[in-house]
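J.: Dropping the structure in here first, questions after.
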Amino acid sequence: MRAAINEFSARGYHRTSVEDIVRSAHTSRTAFYAFFDNREAAMYAALQASLRGLLDNVRANLAVAEPGKSVIETGVTAFVGYLVSDPAAARILLLEGIGTSPEVNALRARVRSQVSTAVRDIWTAYDPEAAAAPQATAVAVGVFGLLLESMLHLVESDRLDEAPAHVPALVNAVERMLTPAAA
């Protein structure tokens, strides 16, 4: 799996062949096809593994957050930290997985739904009434979009290592989006 993530990240989906993955994994085509039906299935699995790693990291950090520490800060820091710690997975998640196939697009949509649900759950702690509003799902997706697009910009400009410096501004933006205005 790691070889697929690394190759798709380095070469892009359309320029990566099964042979590239096999060579990187130091294995055979027979072994590749024992795990994947084709290159698209390998991309789907690479994206799925990267998404699982990201979500597991954010959940794990939220589960052990220090009392009194902002849940938003903890979540955003974990999100950014995972991407910086695994630039190949970041590239798969943010860039290479887009538009690969209907199956990959469906996986991305499911994850977007899961993350927006998590954002709504966090939002409920700040403003339960707003988090229950009919438009809350769209706003939660927007929060996720803010984080994704910010990191995508850094990946595309080969500056992902700068992402931790962006955490305070991202936390501030998310808090402003989810915290009710003072009356």
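Every chain in the structure tokens takes a letter, A first, then B, and so on in the order presented; its residues are numbered from 1, and the ligands are numbered from 1 following the presented order.
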For A:Ala46, list every protein, DNA or RNA residue within 7 Å, evaluated using only C-alpha atoms, and leave out those in the same chain fewer than 6 positions away; present the list as a list in words.
T.: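 My reading of the contact set: Met1, Ala4 and Ile5 of chain A.
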J.: Compile the contact shell of A:His166 as an mmCIF file with N, CA and C atoms, in the first residue's frame: residues with an atom at most 12 Å away, counting only C-alpha atoms, same-chain residues fewer than 2 positions apart removed.
T.:
data_model
loop_
_atom_site.group_PDB
_atom_site.id
_atom_site.type_symbol
_atom_site.label_atom_id
_atom_site.label_comp_id
_atom_site.auth_asym_id
_atom_site.auth_seq_id
_atom_site.Cartn_x
_atom_site.Cartn_y
_atom_site.Cartn_z
ATOM 1 N N GLU A 73 -8.933 23.834 18.046
ATOM 2 C CA GLU A 73 -7.474 23.900 17.925
ATOM 3 C C GLU A 73 -6.867 22.502 17.876
ATOM 4 N N VAL A 76 -7.799 20.913 14.355
ATOM 5 C CA VAL A 76 -7.069 21.542 13.243
ATOM 6 C C VAL A 76 -5.579 21.193 13.327
ATOM 7 N N THR A 77 -5.020 21.230 14.513
ATOM 8 C CA THR A 77 -3.604 20.888 14.697
ATOM 9 C C THR A 77 -3.348 19.439 14.283
ATOM 10 N N PHE A 79 -5.179 17.632 12.170
ATOM 11 C CA PHE A 79 -5.394 17.566 10.724
ATOM 12 C C PHE A 79 -4.132 18.009 9.982
ATOM 13 N N VAL A 80 -3.637 19.172 10.330
ATOM 14 C CA VAL A 80 -2.444 19.716 9.684
ATOM 15 C C VAL A 80 -1.228 18.848 9.995
ATOM 16 N N GLY A 81 -1.106 18.429 11.234
ATOM 17 C CA GLY A 81 0.036 17.607 11.638
ATOM 18 C C GLY A 81 0.136 16.310 10.857
ATOM 19 N N VAL A 84 1.364 17.098 7.272
ATOM 20 C CA VAL A 84 2.789 17.447 7.249
ATOM 21 C C VAL A 84 3.644 16.208 7.513
ATOM 22 N N LEU A 147 -10.293 24.091 5.325
ATOM 23 C CA LEU A 147 -9.078 23.372 5.703
ATOM 24 C C LEU A 147 -8.444 22.684 4.496
ATOM 25 N N SER A 150 -6.946 25.272 1.959
ATOM 26 C CA SER A 150 -5.739 25.898 2.516
ATOM 27 C C SER A 150 -4.537 24.973 2.378
ATOM 28 N N MET A 151 -4.747 23.702 2.697
ATOM 29 C CA MET A 151 -3.655 22.739 2.592
ATOM 30 C C MET A 151 -3.344 22.409 1.129
ATOM 31 N N HIS A 153 -3.505 24.410 -1.377
ATOM 32 C CA HIS A 153 -2.668 25.514 -1.862
ATOM 33 C C HIS A 153 -1.205 25.273 -1.505
ATOM 34 N N LEU A 154 -0.965 24.832 -0.287
ATOM 35 C CA LEU A 154 0.413 24.594 0.147
ATOM 36 C C LEU A 154 1.018 23.389 -0.563
ATOM 37 N N ARG A 159 4.832 23.786 -0.542
ATOM 38 C CA ARG A 159 5.163 24.472 0.714
ATOM 39 C C ARG A 159 4.420 23.845 1.903
ATOM 40 N N LEU A 160 4.125 22.552 1.823
ATOM 41 C CA LEU A 160 3.382 21.896 2.898
ATOM 42 C C LEU A 160 4.100 22.002 4.240
ATOM 43 N N ASP A 161 5.411 22.072 4.222
ATOM 44 C CA ASP A 161 6.170 22.196 5.471
ATOM 45 C C ASP A 161 5.843 23.480 6.225
ATOM 46 N N GLU A 162 5.249 24.466 5.537
ATOM 47 C CA GLU A 162 4.848 25.719 6.189
ATOM 48 C C GLU A 162 3.490 25.608 6.890
ATOM 49 N N ALA A 163 2.793 24.511 6.690
ATOM 50 C CA ALA A 163 1.425 24.371 7.198
ATOM 51 C C ALA A 163 1.282 24.609 8.706
ATOM 52 N N PRO A 164 2.187 24.115 9.553
ATOM 53 C CA PRO A 164 2.000 24.363 10.984
ATOM 54 C C PRO A 164 1.907 25.855 11.340
ATOM 55 N N PRO A 168 -2.708 28.681 13.615
ATOM 56 C CA PRO A 168 -3.434 29.722 14.366
ATOM 57 C C PRO A 168 -4.478 30.455 13.524
ATOM 58 N N ALA A 169 -4.147 30.791 12.290
ATOM 59 C CA ALA A 169 -5.104 31.488 11.431
ATOM 60 C C ALA A 169 -6.268 30.582 11.065
ATOM 61 N N LEU A 170 -5.992 29.310 10.817
ATOM 62 C CA LEU A 170 -7.065 28.359 10.495
ATOM 63 C C LEU A 170 -7.986 28.157 11.690
ATOM 64 N N VAL A 171 -7.403 28.026 12.878
ATOM 65 C CA VAL A 171 -8.207 27.878 14.095
ATOM 66 C C VAL A 171 -9.089 29.103 14.269
ATOM 67 N N ASN A 172 -8.518 30.275 14.096
ATOM 68 C CA ASN A 172 -9.275 31.515 14.227
ATOM 69 C C ASN A 172 -10.431 31.551 13.234
ATOM 70 N N ALA A 173 -10.159 31.176 11.990
ATOM 71 C CA ALA A 173 -11.209 31.198 10.958
ATOM 72 C C ALA A 173 -12.325 30.214 11.286
#
J.: Quick one: residues within 10 Å of A:Gly142, only C-alpha atoms, excluding same-chain residues fewer than 3 positions away - as a PyMOL selection string?
T.: chain A and resi 116+119+136-139+145-148+174+177
J.: Skip A:Val104 itself and residues of its chain fewer than 3 positions away, then list as a count of residues only all residues within 12 Å of it, counting only C-alpha atoms.
T.: 24
J.: Skipping near chain neighbours, those fewer than 6 positions away, what residues fall within 12 Å of A:Ala133 using only C-alpha atoms, listed as an NGL selection string?
T.: :A and (120 or 123-124 or 127 or 139-140)
J.: Have a look at atom CA of A:Gly75 and atom CA of A:Ala10 and let me know their distance in Å, one decimal.
T.: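 Computed distance, atom CA of A:Gly75 to atom CA of A:Ala10, equals 27.6 Å.
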J.: Taking only C-alpha atoms into account, name the residue in A:Phe144, A:Thr27, A:Arg91, A:Ala132 that is nearest to A:Arg112.
T.: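 Closest to A:Arg112, using only C-alpha atoms: A:Phe144.
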J.: Could you check how far atom CA of A:Arg39 sits from atom CA of A:Ala90, in Å to one decimal?
T.: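 Between atom CA of A:Arg39 and atom CA of A:Ala90 the gap is 19.3 Å.
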J.: My list of candidates is A:Ala125, A:Val155, A:Ile72, A:Val143. Which is closest to A:Asp86 when distances are computed with only C-alpha atoms?
T.: A:Val155
J.: Among the residues of chain A, find those DSSP assigns to alpha helix (DSSP H) from the backbone and print them as a PDB file with C-alpha atoms, in the first residue's frame.
T.:
ATOM      1  CA  ARG A   2       2.803   2.380   0.898  1.00  0.00           C
ATOM      2  CA  ALA A   3       4.378   1.908  -2.535  1.00  0.00           C
ATOM      3  CA  ALA A   4       1.079   2.823  -4.221  1.00  0.00           C
ATOM      4  CA  ILE A   5       0.718   5.951  -2.071  1.00  0.00           C
ATOM      5  CA  ASN A   6       4.294   7.006  -2.778  1.00  0.00           C
ATOM      6  CA  GLU A   7       4.119   6.349  -6.526  1.00  0.00           C
ATOM      7  CA  PHE A   8       0.739   8.024  -7.065  1.00  0.00           C
ATOM      8  CA  SER A   9       1.980  10.967  -5.039  1.00  0.00           C
ATOM      9  CA  ALA A  10       5.255  11.300  -6.916  1.00  0.00           C
ATOM     10  CA  ARG A  11       4.021  10.651 -10.454  1.00  0.00           C
ATOM     11  CA  VAL A  18       1.247  -0.917 -12.244  1.00  0.00           C
ATOM     12  CA  GLU A  19       4.898  -1.581 -13.063  1.00  0.00           C
ATOM     13  CA  ASP A  20       5.944   1.575 -11.164  1.00  0.00           C
ATOM     14  CA  ILE A  21       4.104   0.376  -8.055  1.00  0.00           C
ATOM     15  CA  VAL A  22       5.458  -3.165  -8.383  1.00  0.00           C
ATOM     16  CA  ARG A  23       9.019  -1.869  -8.743  1.00  0.00           C
ATOM     17  CA  SER A  24       8.660   0.432  -5.739  1.00  0.00           C
ATOM     18  CA  ALA A  25       7.156  -2.350  -3.607  1.00  0.00           C
ATOM     19  CA  ARG A  29       2.761  -8.162 -10.846  1.00  0.00           C
ATOM     20  CA  THR A  30       1.188 -11.386  -9.567  1.00  0.00           C
ATOM     21  CA  ALA A  31       1.416 -10.088  -6.004  1.00  0.00           C
ATOM     22  CA  PHE A  32      -0.024  -6.726  -7.075  1.00  0.00           C
ATOM     23  CA  TYR A  33      -3.008  -8.389  -8.724  1.00  0.00           C
ATOM     24  CA  ALA A  34      -3.551 -10.562  -5.661  1.00  0.00           C
ATOM     25  CA  PHE A  35      -4.390  -7.325  -3.787  1.00  0.00           C
ATOM     26  CA  ARG A  39      -4.447   0.491 -11.045  1.00  0.00           C
ATOM     27  CA  GLU A  40      -7.726   2.275 -10.225  1.00  0.00           C
ATOM     28  CA  ALA A  41      -8.355  -0.168  -7.365  1.00  0.00           C
ATOM     29  CA  ALA A  42      -4.852   0.560  -6.069  1.00  0.00           C
ATOM     30  CA  MET A  43      -5.591   4.301  -6.180  1.00  0.00           C
ATOM     31  CA  TYR A  44      -8.868   3.756  -4.336  1.00  0.00           C
ATOM     32  CA  ALA A  45      -7.048   1.746  -1.664  1.00  0.00           C
ATOM     33  CA  ALA A  46      -4.284   4.371  -1.409  1.00  0.00           C
ATOM     34  CA  LEU A  47      -6.848   7.125  -0.940  1.00  0.00           C
ATOM     35  CA  GLN A  48      -8.808   5.027   1.536  1.00  0.00           C
ATOM     36  CA  ALA A  49      -5.685   4.267   3.596  1.00  0.00           C
ATOM     37  CA  SER A  50      -4.665   7.934   3.572  1.00  0.00           C
ATOM     38  CA  LEU A  51      -8.143   9.073   4.614  1.00  0.00           C
ATOM     39  CA  ARG A  52      -8.307   6.471   7.356  1.00  0.00           C
ATOM     40  CA  GLY A  53      -4.921   7.631   8.653  1.00  0.00           C
ATOM     41  CA  LEU A  54      -6.053  11.259   8.667  1.00  0.00           C
ATOM     42  CA  LEU A  55      -9.387  10.601  10.380  1.00  0.00           C
ATOM     43  CA  ASP A  56      -7.849   8.187  12.909  1.00  0.00           C
ATOM     44  CA  ASN A  57      -5.201  10.774  13.776  1.00  0.00           C
ATOM     45  CA  VAL A  58      -7.752  13.550  14.302  1.00  0.00           C
ATOM     46  CA  ARG A  59     -10.027  11.274  16.371  1.00  0.00           C
ATOM     47  CA  ALA A  60      -7.116  10.035  18.487  1.00  0.00           C
ATOM     48  CA  ASN A  61      -5.958  13.577  19.211  1.00  0.00           C
ATOM     49  CA  LEU A  62      -9.482  14.692  20.100  1.00  0.00           C
ATOM     50  CA  ALA A  63      -9.858  11.698  22.436  1.00  0.00           C
ATOM     51  CA  VAL A  71     -11.459  21.224  20.522  1.00  0.00           C
ATOM     52  CA  ILE A  72     -11.159  23.199  17.304  1.00  0.00           C
ATOM     53  CA  GLU A  73      -7.474  23.900  17.925  1.00  0.00           C
ATOM     54  CA  THR A  74      -6.858  20.241  18.741  1.00  0.00           C
ATOM     55  CA  GLY A  75      -8.668  19.050  15.621  1.00  0.00           C
ATOM     56  CA  VAL A  76      -7.069  21.542  13.243  1.00  0.00           C
ATOM     57  CA  THR A  77      -3.604  20.888  14.697  1.00  0.00           C
ATOM     58  CA  ALA A  78      -4.099  17.124  14.289  1.00  0.00           C
ATOM     59  CA  PHE A  79      -5.394  17.566  10.724  1.00  0.00           C
ATOM     60  CA  VAL A  80      -2.444  19.716   9.684  1.00  0.00           C
ATOM     61  CA  GLY A  81       0.036  17.607  11.638  1.00  0.00           C
ATOM     62  CA  TYR A  82      -0.991  14.425   9.852  1.00  0.00           C
ATOM     63  CA  LEU A  83      -0.644  16.024   6.419  1.00  0.00           C
ATOM     64  CA  VAL A  84       2.789  17.447   7.249  1.00  0.00           C
ATOM     65  CA  SER A  85       3.950  14.129   8.715  1.00  0.00           C
ATOM     66  CA  PRO A  87       3.376  14.480   2.485  1.00  0.00           C
ATOM     67  CA  ALA A  88       2.684  11.589   0.093  1.00  0.00           C
ATOM     68  CA  ALA A  89      -0.650  10.870   1.784  1.00  0.00           C
ATOM     69  CA  ALA A  90      -1.393  14.612   1.771  1.00  0.00           C
ATOM     70  CA  ARG A  91      -0.852  14.724  -1.971  1.00  0.00           C
ATOM     71  CA  PRO A 102     -16.590   7.498  -9.872  1.00  0.00           C
ATOM     72  CA  GLU A 103     -15.661   5.101  -7.052  1.00  0.00           C
ATOM     73  CA  VAL A 104     -12.896   7.374  -5.763  1.00  0.00           C
ATOM     74  CA  ASN A 105     -15.214  10.385  -6.018  1.00  0.00           C
ATOM     75  CA  ALA A 106     -17.864   8.474  -4.024  1.00  0.00           C
ATOM     76  CA  LEU A 107     -15.285   7.685  -1.334  1.00  0.00           C
ATOM     77  CA  ARG A 108     -14.318  11.353  -1.133  1.00  0.00           C
ATOM     78  CA  ALA A 109     -18.014  12.276  -0.779  1.00  0.00           C
ATOM     79  CA  ARG A 110     -18.473   9.760   2.069  1.00  0.00           C
ATOM     80  CA  VAL A 111     -15.465  11.155   3.890  1.00  0.00           C
ATOM     81  CA  ARG A 112     -16.683  14.721   3.362  1.00  0.00           C
ATOM     82  CA  SER A 113     -19.965  13.638   4.962  1.00  0.00           C
ATOM     83  CA  GLN A 114     -18.179  11.990   7.907  1.00  0.00           C
ATOM     84  CA  VAL A 115     -15.994  15.020   8.509  1.00  0.00           C
ATOM     85  CA  SER A 116     -18.904  17.455   8.229  1.00  0.00           C
ATOM     86  CA  THR A 117     -20.765  15.362  10.813  1.00  0.00           C
ATOM     87  CA  ALA A 118     -17.738  15.581  13.115  1.00  0.00           C
ATOM     88  CA  VAL A 119     -17.587  19.359  12.576  1.00  0.00           C
ATOM     89  CA  ARG A 120     -21.293  19.631  13.450  1.00  0.00           C
ATOM     90  CA  ASP A 121     -20.698  17.588  16.616  1.00  0.00           C
ATOM     91  CA  ILE A 122     -17.928  19.985  17.647  1.00  0.00           C
ATOM     92  CA  TRP A 123     -20.072  22.964  16.645  1.00  0.00           C
ATOM     93  CA  THR A 124     -22.847  21.747  18.921  1.00  0.00           C
ATOM     94  CA  ALA A 125     -20.600  22.506  21.898  1.00  0.00           C
ATOM     95  CA  TYR A 126     -20.285  26.139  20.747  1.00  0.00           C
ATOM     96  CA  PRO A 128     -26.275  23.967  19.620  1.00  0.00           C
ATOM     97  CA  GLU A 129     -29.045  25.980  17.981  1.00  0.00           C
ATOM     98  CA  ALA A 130     -26.956  26.926  14.956  1.00  0.00           C
ATOM     99  CA  ALA A 131     -25.530  23.406  14.645  1.00  0.00           C
ATOM    100  CA  ALA A 136     -25.597  23.601   9.257  1.00  0.00           C
ATOM    101  CA  THR A 137     -24.446  20.689   7.103  1.00  0.00           C
ATOM    102  CA  ALA A 138     -23.468  23.068   4.293  1.00  0.00           C
ATOM    103  CA  VAL A 139     -21.569  25.255   6.765  1.00  0.00           C
ATOM    104  CA  ALA A 140     -19.810  22.196   8.221  1.00  0.00           C
ATOM    105  CA  VAL A 141     -18.789  21.136   4.703  1.00  0.00           C
ATOM    106  CA  GLY A 142     -17.531  24.704   4.213  1.00  0.00           C
ATOM    107  CA  VAL A 143     -15.333  24.423   7.306  1.00  0.00           C
ATOM    108  CA  PHE A 144     -13.842  21.225   5.914  1.00  0.00           C
ATOM    109  CA  GLY A 145     -13.429  22.975   2.555  1.00  0.00           C
ATOM    110  CA  LEU A 146     -11.550  25.827   4.209  1.00  0.00           C
ATOM    111  CA  LEU A 147      -9.078  23.372   5.703  1.00  0.00           C
ATOM    112  CA  LEU A 148      -8.743  21.319   2.521  1.00  0.00           C
ATOM    113  CA  GLU A 149      -8.278  24.276   0.190  1.00  0.00           C
ATOM    114  CA  SER A 150      -5.739  25.898   2.516  1.00  0.00           C
ATOM    115  CA  MET A 151      -3.655  22.739   2.592  1.00  0.00           C
ATOM    116  CA  LEU A 152      -4.151  22.095  -1.144  1.00  0.00           C
ATOM    117  CA  HIS A 153      -2.668  25.514  -1.862  1.00  0.00           C
ATOM    118  CA  LEU A 154       0.413  24.594   0.147  1.00  0.00           C
ATOM    119  CA  VAL A 155       0.725  21.173  -1.512  1.00  0.00           C
ATOM    120  CA  GLU A 156       0.401  22.652  -5.012  1.00  0.00           C
ATOM    121  CA  ALA A 163       1.425  24.371   7.198  1.00  0.00           C
ATOM    122  CA  PRO A 164       2.000  24.363  10.984  1.00  0.00           C
ATOM    123  CA  ALA A 165       2.505  28.145  10.849  1.00  0.00           C
ATOM    124  CA  HIS A 166      -0.993  28.417   9.360  1.00  0.00           C
ATOM    125  CA  VAL A 167      -2.689  26.600  12.264  1.00  0.00           C
ATOM    126  CA  PRO A 168      -3.434  29.722  14.366  1.00  0.00           C
ATOM    127  CA  ALA A 169      -5.104  31.488  11.431  1.00  0.00           C
ATOM    128  CA  LEU A 170      -7.065  28.359  10.495  1.00  0.00           C
ATOM    129  CA  VAL A 171      -8.207  27.878  14.095  1.00  0.00           C
ATOM    130  CA  ASN A 172      -9.275  31.515  14.227  1.00  0.00           C
ATOM    131  CA  ALA A 173     -11.209  31.198  10.958  1.00  0.00           C
ATOM    132  CA  VAL A 174     -12.984  28.005  12.031  1.00  0.00           C
ATOM    133  CA  GLU A 175     -13.829  29.475  15.439  1.00  0.00           C
ATOM    134  CA  ARG A 176     -15.277  32.573  13.753  1.00  0.00           C
ATOM    135  CA  MET A 177     -17.360  30.362  11.465  1.00  0.00           C
ATOM    136  CA  LEU A 178     -18.736  28.243  14.302  1.00  0.00           C
TER     137      LEU A 178
END
J.: For atom CA of A:Asn38 and atom CA of A:Leu94, determine how far apart the two atoms are, in Å to one decimal place.
T.: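 Straight-line distance from atom CA of A:Asn38 to atom CA of A:Leu94 works out to 21.9 Å.
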